[in-house]
Amino acid sequence: MSIPLSLSGKVALISGGSRGIGAATVRMFAAAGAKVAFSYRSARAQAEELAKECGAAQSYPIASDLKNPEAARKLVAETVTHFGRLDILVANHGVWPPDDVPIERMSDEQWRSTMSVNLDAVFGLVKHAVAQMKTQSRNNGPAGHIVLISSTSGQRGEAFHCDYSATKGALISMTKGLSTELAAAGIYVNCVAPGWVDTEMSAAALQDPKSGEQIRNTIPLRRVGKPEEIAAPVLFLCTEHAGFITGEVFNVNGGAVLAG
């Protein structure tokens with residue numbers, strides 16, 4: 001018996017969709033039948049190539065520097081203008097300052113920048129996506145799905161990266177609060193929390209012989225994840241097969257959180 005993970009007839013917005021986890025999610029959603037708008041900040045060539053791969057009728061890249069709620073509002077509005085509605089939001093974009101910075105030396109500018117991208121813009125995306133979802137016809141199904149991409153860092157912290165950990169922990173708290181707030185409206189809110197994943201953002205740390213070995217030693221499966229291994233749980237949470245799941249943190253980290 002075949003049980004397809006279908007998103008036929010759905011419109012999704014995936015932030016940070018041109019590379020890494022975001023690009024893998026765009027591909028999977030498009031393959032599942034969704035129409036997908038996705039944002040990118042600077043990787044225009046990669047975004048256009050991804051849109052070409054998925055098909056112009058199925059995907060739509062949008063240049064957006066997501067660093068405040070207003071930028072998020074415009075991104076949601078352009079998605080709705082292009083595809084006519086919005087059924088799914090995947091807040092995937094984010095920054096991870098790569099340098100280890102002790103708290104007493106962390107600049108106000110770094111703290112504010114990380115908060116602006118990783119938290120303020122997510123707030124804006126959720127705010128305006130929910131407003132749109134509540135105005136639409138439900139077609140006898142959920143009014144919408146929201147998946148926030150957090151991190152193991154948001155659960156157990158990360159030394160010398162307190163700005164990043166604070167934002168990712170906040171997304172978990174947002175998931176808990178929003179899931180109860182929006183359940184009556186038929187909007188599901190869940191969180192996927194990856195561990196280390198083989199992407200451009202983590203490449204420097206993973207390719208360094210010393211840090212790469214240390215990272216893998218903290219993962220019971222002794223390897224880092226693939227972008228597709230994060231995208232698949234995101235897809236599942238937006239299908240009918242996850243119809244009794246909301247407010248959950250889906251850990252996808254090779255057992256790393258269990259290892260402490």
# chains A, B, ... in the order shown; residues from 1 in each chain; ligands from 1
$ residues_around --residues "His145 in chain A" --least-positions-apart "3" --cutoff "6 Å" --atoms "only C-alpha atoms" --output "PyMOL selection string"
chain A and resi 88+187-188+238
$ write_last_selection --atoms "C-alpha atoms" --output "tab-separated table (two decimals), in the first residue's frame"
chain	number	residue	atom	x	y	z
A	88	ILE	CA	1.72	26.83	4.65
A	187	ILE	CA	-3.95	26.51	12.17
A	188	TYR	CA	-1.32	23.96	13.15
A	238	CYS	CA	2.15	19.85	6.70
$ select_by_dssp --residues "range 18-259 of chain A" --states "strand (DSSP E or B)" --output "MDAnalysis selection string"
chainID A and resid 35:40 59:63 88:91 144:149 187:194 197 225 249:252
$ residues_around --residues "Ser116 in chain A" --least-positions-apart "2" --cutoff "12 Å" --atoms "only C-alpha atoms" --output "PDB file with N, CA and C atoms, in the first residue's frame"
ATOM      1  N   ASP A  65      15.356  40.663   2.008  1.00  0.00           N
ATOM      2  CA  ASP A  65      16.326  40.755   3.100  1.00  0.00           C
ATOM      3  C   ASP A  65      15.538  40.754   4.405  1.00  0.00           C
ATOM      4  N   LEU A  66      15.310  39.577   4.937  1.00  0.00           N
ATOM      5  CA  LEU A  66      14.430  39.423   6.092  1.00  0.00           C
ATOM      6  C   LEU A  66      15.161  39.824   7.381  1.00  0.00           C
ATOM      7  N   LYS A  67      15.019  41.091   7.735  1.00  0.00           N
ATOM      8  CA  LYS A  67      15.663  41.566   8.955  1.00  0.00           C
ATOM      9  C   LYS A  67      14.725  42.378   9.836  1.00  0.00           C
ATOM     10  N   ASN A  68      13.431  42.404   9.479  1.00  0.00           N
ATOM     11  CA  ASN A  68      12.449  43.098  10.306  1.00  0.00           C
ATOM     12  C   ASN A  68      11.042  42.649   9.904  1.00  0.00           C
ATOM     13  N   PRO A  69      10.037  42.948  10.734  1.00  0.00           N
ATOM     14  CA  PRO A  69       8.674  42.518  10.412  1.00  0.00           C
ATOM     15  C   PRO A  69       8.115  43.107   9.126  1.00  0.00           C
ATOM     16  N   GLU A  70       8.539  44.306   8.751  1.00  0.00           N
ATOM     17  CA  GLU A  70       8.024  44.923   7.525  1.00  0.00           C
ATOM     18  C   GLU A  70       8.476  44.151   6.295  1.00  0.00           C
ATOM     19  N   ALA A  71       9.735  43.711   6.285  1.00  0.00           N
ATOM     20  CA  ALA A  71      10.211  42.895   5.167  1.00  0.00           C
ATOM     21  C   ALA A  71       9.406  41.601   5.079  1.00  0.00           C
ATOM     22  N   ALA A  72       9.058  41.054   6.237  1.00  0.00           N
ATOM     23  CA  ALA A  72       8.257  39.835   6.271  1.00  0.00           C
ATOM     24  C   ALA A  72       6.861  40.085   5.711  1.00  0.00           C
ATOM     25  N   HIS A  93      14.622  30.736   7.311  1.00  0.00           N
ATOM     26  CA  HIS A  93      15.775  31.616   7.173  1.00  0.00           C
ATOM     27  C   HIS A  93      16.441  31.859   8.532  1.00  0.00           C
ATOM     28  N   GLY A  94      17.673  32.279   8.500  1.00  0.00           N
ATOM     29  CA  GLY A  94      18.358  32.611   9.744  1.00  0.00           C
ATOM     30  C   GLY A  94      19.835  32.836   9.526  1.00  0.00           C
ATOM     31  N   VAL A  95      20.482  33.422  10.514  1.00  0.00           N
ATOM     32  CA  VAL A  95      21.924  33.635  10.480  1.00  0.00           C
ATOM     33  C   VAL A  95      22.551  32.955  11.690  1.00  0.00           C
ATOM     34  N   GLU A 109      25.728  45.305  18.362  1.00  0.00           N
ATOM     35  CA  GLU A 109      25.348  45.214  16.954  1.00  0.00           C
ATOM     36  C   GLU A 109      25.119  43.755  16.545  1.00  0.00           C
ATOM     37  N   GLN A 110      26.017  42.843  17.002  1.00  0.00           N
ATOM     38  CA  GLN A 110      25.829  41.425  16.665  1.00  0.00           C
ATOM     39  C   GLN A 110      24.551  40.890  17.301  1.00  0.00           C
ATOM     40  N   TRP A 111      24.345  41.201  18.568  1.00  0.00           N
ATOM     41  CA  TRP A 111      23.138  40.739  19.258  1.00  0.00           C
ATOM     42  C   TRP A 111      21.878  41.205  18.531  1.00  0.00           C
ATOM     43  N   ARG A 112      21.825  42.498  18.222  1.00  0.00           N
ATOM     44  CA  ARG A 112      20.647  43.070  17.585  1.00  0.00           C
ATOM     45  C   ARG A 112      20.437  42.498  16.181  1.00  0.00           C
ATOM     46  N   SER A 113      21.534  42.289  15.440  1.00  0.00           N
ATOM     47  CA  SER A 113      21.429  41.750  14.086  1.00  0.00           C
ATOM     48  C   SER A 113      20.871  40.331  14.100  1.00  0.00           C
ATOM     49  N   THR A 114      21.372  39.503  14.996  1.00  0.00           N
ATOM     50  CA  THR A 114      20.887  38.130  15.084  1.00  0.00           C
ATOM     51  C   THR A 114      19.419  38.105  15.477  1.00  0.00           C
ATOM     52  N   ASN A 118      16.671  36.430  12.989  1.00  0.00           N
ATOM     53  CA  ASN A 118      16.207  35.126  13.460  1.00  0.00           C
ATOM     54  C   ASN A 118      14.893  35.167  14.230  1.00  0.00           C
ATOM     55  N   LEU A 119      14.545  36.335  14.772  1.00  0.00           N
ATOM     56  CA  LEU A 119      13.354  36.397  15.603  1.00  0.00           C
ATOM     57  C   LEU A 119      12.345  37.445  15.129  1.00  0.00           C
ATOM     58  N   ASP A 120      12.797  38.688  14.938  1.00  0.00           N
ATOM     59  CA  ASP A 120      11.861  39.740  14.536  1.00  0.00           C
ATOM     60  C   ASP A 120      11.194  39.418  13.200  1.00  0.00           C
ATOM     61  N   ALA A 121      11.988  38.952  12.237  1.00  0.00           N
ATOM     62  CA  ALA A 121      11.420  38.649  10.919  1.00  0.00           C
ATOM     63  C   ALA A 121      10.503  37.437  10.971  1.00  0.00           C
ATOM     64  N   VAL A 122      10.818  36.471  11.833  1.00  0.00           N
ATOM     65  CA  VAL A 122       9.929  35.319  11.988  1.00  0.00           C
ATOM     66  C   VAL A 122       8.596  35.766  12.579  1.00  0.00           C
ATOM     67  N   PHE A 123       8.652  36.637  13.583  1.00  0.00           N
ATOM     68  CA  PHE A 123       7.428  37.210  14.135  1.00  0.00           C
ATOM     69  C   PHE A 123       6.584  37.834  13.027  1.00  0.00           C
ATOM     70  N   GLY A 124       7.218  38.618  12.160  1.00  0.00           N
ATOM     71  CA  GLY A 124       6.494  39.260  11.068  1.00  0.00           C
ATOM     72  C   GLY A 124       5.892  38.259  10.099  1.00  0.00           C
ATOM     73  N   ASP A 163      23.582  34.529  21.357  1.00  0.00           N
ATOM     74  CA  ASP A 163      22.600  35.242  20.540  1.00  0.00           C
ATOM     75  C   ASP A 163      21.799  34.258  19.695  1.00  0.00           C
ATOM     76  N   TYR A 164      22.495  33.351  19.033  1.00  0.00           N
ATOM     77  CA  TYR A 164      21.835  32.348  18.185  1.00  0.00           C
ATOM     78  C   TYR A 164      20.950  31.430  19.029  1.00  0.00           C
ATOM     79  N   THR A 167      17.653  33.045  20.123  1.00  0.00           N
ATOM     80  CA  THR A 167      16.612  33.144  19.093  1.00  0.00           C
ATOM     81  C   THR A 167      15.981  31.794  18.818  1.00  0.00           C
TER      82      THR A 167
END
$ closest_residue --among "A:Gly84, A:Gly17, A:Pro97, A:Gly141" --to "Ala231 in chain A" --atoms "only C-alpha atoms"
A:Gly17
$ residues_around --residues "range 45-59 of chain A" --least-positions-apart "2" --cutoff "9 Å" --atoms "only C-alpha atoms" --output "MDAnalysis selection string"
chainID A and resid 17:19 23 26:27 30:31 33:40 42:43 61:63
$ residues_around --residues "range 129-132 of chain A" --least-positions-apart "6" --cutoff "9 Å" --atoms "only C-alpha atoms" --output "list in words"
Arg73, Val76, Ala77, Val80, Arg85, Leu86, Asp87, Ile88, Leu89, Gly144, Ile146, Leu182 and Ile187 of chain A
$ write_last_selection --atoms "N, CA and C atoms" --output "mmCIF file, in the first residue's frame"
data_model
loop_
_atom_site.group_PDB
_atom_site.id
_atom_site.type_symbol
_atom_site.label_atom_id
_atom_site.label_comp_id
_atom_site.auth_asym_id
_atom_site.auth_seq_id
_atom_site.Cartn_x
_atom_site.Cartn_y
_atom_site.Cartn_z
ATOM 1 N N ARG A 73 6.271 41.212 6.057
ATOM 2 C CA ARG A 73 4.938 41.546 5.548
ATOM 3 C C ARG A 73 4.934 41.583 4.026
ATOM 4 N N VAL A 76 5.103 38.009 2.507
ATOM 5 C CA VAL A 76 3.809 37.327 2.547
ATOM 6 C C VAL A 76 2.874 37.919 1.490
ATOM 7 N N ALA A 77 2.851 39.240 1.393
ATOM 8 C CA ALA A 77 1.964 39.900 0.438
ATOM 9 C C ALA A 77 2.297 39.520 -0.998
ATOM 10 N N VAL A 80 1.022 35.986 -1.778
ATOM 11 C CA VAL A 80 -0.419 35.945 -1.979
ATOM 12 C C VAL A 80 -0.798 36.578 -3.316
ATOM 13 N N ARG A 85 -3.233 32.772 -2.509
ATOM 14 C CA ARG A 85 -3.552 32.378 -1.141
ATOM 15 C C ARG A 85 -2.271 31.909 -0.447
ATOM 16 N N LEU A 86 -2.393 31.508 0.801
ATOM 17 C CA LEU A 86 -1.244 30.980 1.538
ATOM 18 C C LEU A 86 -1.754 29.948 2.532
ATOM 19 N N ASP A 87 -1.293 28.715 2.379
ATOM 20 C CA ASP A 87 -1.728 27.620 3.242
ATOM 21 C C ASP A 87 -0.646 27.160 4.219
ATOM 22 N N ILE A 88 0.608 27.366 3.849
ATOM 23 C CA ILE A 88 1.715 26.835 4.651
ATOM 24 C C ILE A 88 2.823 27.872 4.738
ATOM 25 N N LEU A 89 3.343 28.071 5.938
ATOM 26 C CA LEU A 89 4.525 28.902 6.148
ATOM 27 C C LEU A 89 5.612 28.055 6.791
ATOM 28 N N GLY A 144 -4.451 26.259 8.010
ATOM 29 C CA GLY A 144 -3.055 26.499 7.670
ATOM 30 C C GLY A 144 -2.102 25.683 8.516
ATOM 31 N N ILE A 146 2.006 26.025 10.043
ATOM 32 C CA ILE A 146 3.209 26.817 10.258
ATOM 33 C C ILE A 146 4.267 25.912 10.866
ATOM 34 N N LEU A 182 -3.806 29.232 18.244
ATOM 35 C CA LEU A 182 -4.356 29.128 16.889
ATOM 36 C C LEU A 182 -5.098 27.824 16.613
ATOM 37 N N ILE A 187 -5.328 26.301 12.632
ATOM 38 C CA ILE A 187 -3.951 26.513 12.171
ATOM 39 C C ILE A 187 -3.009 25.714 13.061
#
$ atom_distance --atom1 "CA of Val189 in chain A" --atom2 "CA of Val126 in chain A"
9.9 Å
$ closest_residue --among "A:Ala185, A:Leu148, A:Ile230, A:Leu5" --to "Leu171 in chain A" --atoms "only C-alpha atoms"
A:Leu148
$ closest_residue --among "A:Ile21, A:Glu213, A:Leu178, A:Ala12" --to "His82 in chain A" --atoms "only C-alpha atoms"
A:Ala12
$ residues_around --residues "Ile149 in chain A" --least-positions-apart "6" --cutoff "6 Å" --atoms "only C-alpha atoms" --output "count of residues only"
4
$ atom_distance --atom1 "CA of Ala143 in chain A" --atom2 "CA of Arg41 in chain A"
28.7 Å
$ atom_distance --atom1 "CA of Val234 in chain A" --atom2 "CA of Ser165 in chain A"
20.8 Å
$ closest_residue --among "A:Ile3, A:Ala256, A:Val90, A:Phe244" --to "Ile215 in chain A" --atoms "only C-alpha atoms"
A:Ala256
$ residues_around --residues "Pro227 in chain A" --least-positions-apart "2" --cutoff "10 Å" --atoms "only C-alpha atoms" --output "PyMOL selection string"
chain A and resi 19-25+194+196-199+224-225+229-232
$ select_by_dssp --residues "range 58-242 of chain A" --states "alpha helix (DSSP H)" --output "PyMOL selection string"
chain A and resi 69-83+108-115+121-135+153-156+162-182+203-207+209-217+227-237
$ decode --residues "range 166-184 of chain A" --atoms "N, CA and C atoms" --output "short mmCIF file (atom, residue, chain, number, x, y, z; two decimals), in the first residue's frame"
data_model
loop_
_atom_site.label_atom_id
_atom_site.label_comp_id
_atom_site.auth_asym_id
_atom_site.auth_seq_id
_atom_site.Cartn_x
_atom_site.Cartn_y
_atom_site.Cartn_z
N ALA A 166 19.58 31.99 21.88
CA ALA A 166 18.42 32.71 22.41
C ALA A 166 17.31 32.79 21.37
N THR A 167 17.65 33.05 20.12
CA THR A 167 16.61 33.14 19.09
C THR A 167 15.98 31.79 18.82
N LYS A 168 16.78 30.75 18.79
CA LYS A 168 16.23 29.43 18.48
C LYS A 168 15.40 28.88 19.64
N GLY A 169 15.79 29.21 20.86
CA GLY A 169 14.96 28.85 21.99
C GLY A 169 13.64 29.59 21.97
N ALA A 170 13.68 30.83 21.55
CA ALA A 170 12.45 31.63 21.45
C ALA A 170 11.48 31.03 20.45
N LEU A 171 11.98 30.47 19.37
CA LEU A 171 11.09 29.87 18.37
C LEU A 171 10.35 28.66 18.95
N ILE A 172 11.02 27.93 19.83
CA ILE A 172 10.35 26.81 20.49
C ILE A 172 9.23 27.33 21.39
N SER A 173 9.49 28.39 22.13
CA SER A 173 8.45 28.98 22.98
C SER A 173 7.31 29.54 22.13
N MET A 174 7.63 30.15 21.00
CA MET A 174 6.59 30.64 20.09
C MET A 174 5.71 29.49 19.61
N THR A 175 6.33 28.38 19.28
CA THR A 175 5.58 27.21 18.82
C THR A 175 4.57 26.78 19.87
N LYS A 176 5.00 26.70 21.13
CA LYS A 176 4.11 26.26 22.21
C LYS A 176 2.94 27.23 22.39
N GLY A 177 3.25 28.51 22.42
CA GLY A 177 2.20 29.50 22.64
C GLY A 177 1.25 29.63 21.46
N LEU A 178 1.81 29.66 20.26
CA LEU A 178 0.97 29.85 19.07
C LEU A 178 0.10 28.63 18.78
N SER A 179 0.59 27.44 19.09
CA SER A 179 -0.20 26.24 18.80
C SER A 179 -1.49 26.24 19.60
N THR A 180 -1.44 26.68 20.86
CA THR A 180 -2.66 26.73 21.65
C THR A 180 -3.53 27.91 21.24
N GLU A 181 -2.91 29.02 20.89
CA GLU A 181 -3.67 30.21 20.46
C GLU A 181 -4.42 29.96 19.17
N LEU A 182 -3.81 29.23 18.24
CA LEU A 182 -4.36 29.13 16.89
C LEU A 182 -5.10 27.82 16.61
N ALA A 183 -5.13 26.92 17.58
CA ALA A 183 -5.79 25.63 17.34
C ALA A 183 -7.26 25.80 16.97
N ALA A 184 -7.95 26.68 17.66
CA ALA A 184 -9.37 26.88 17.39
C ALA A 184 -9.62 27.44 16.00
#
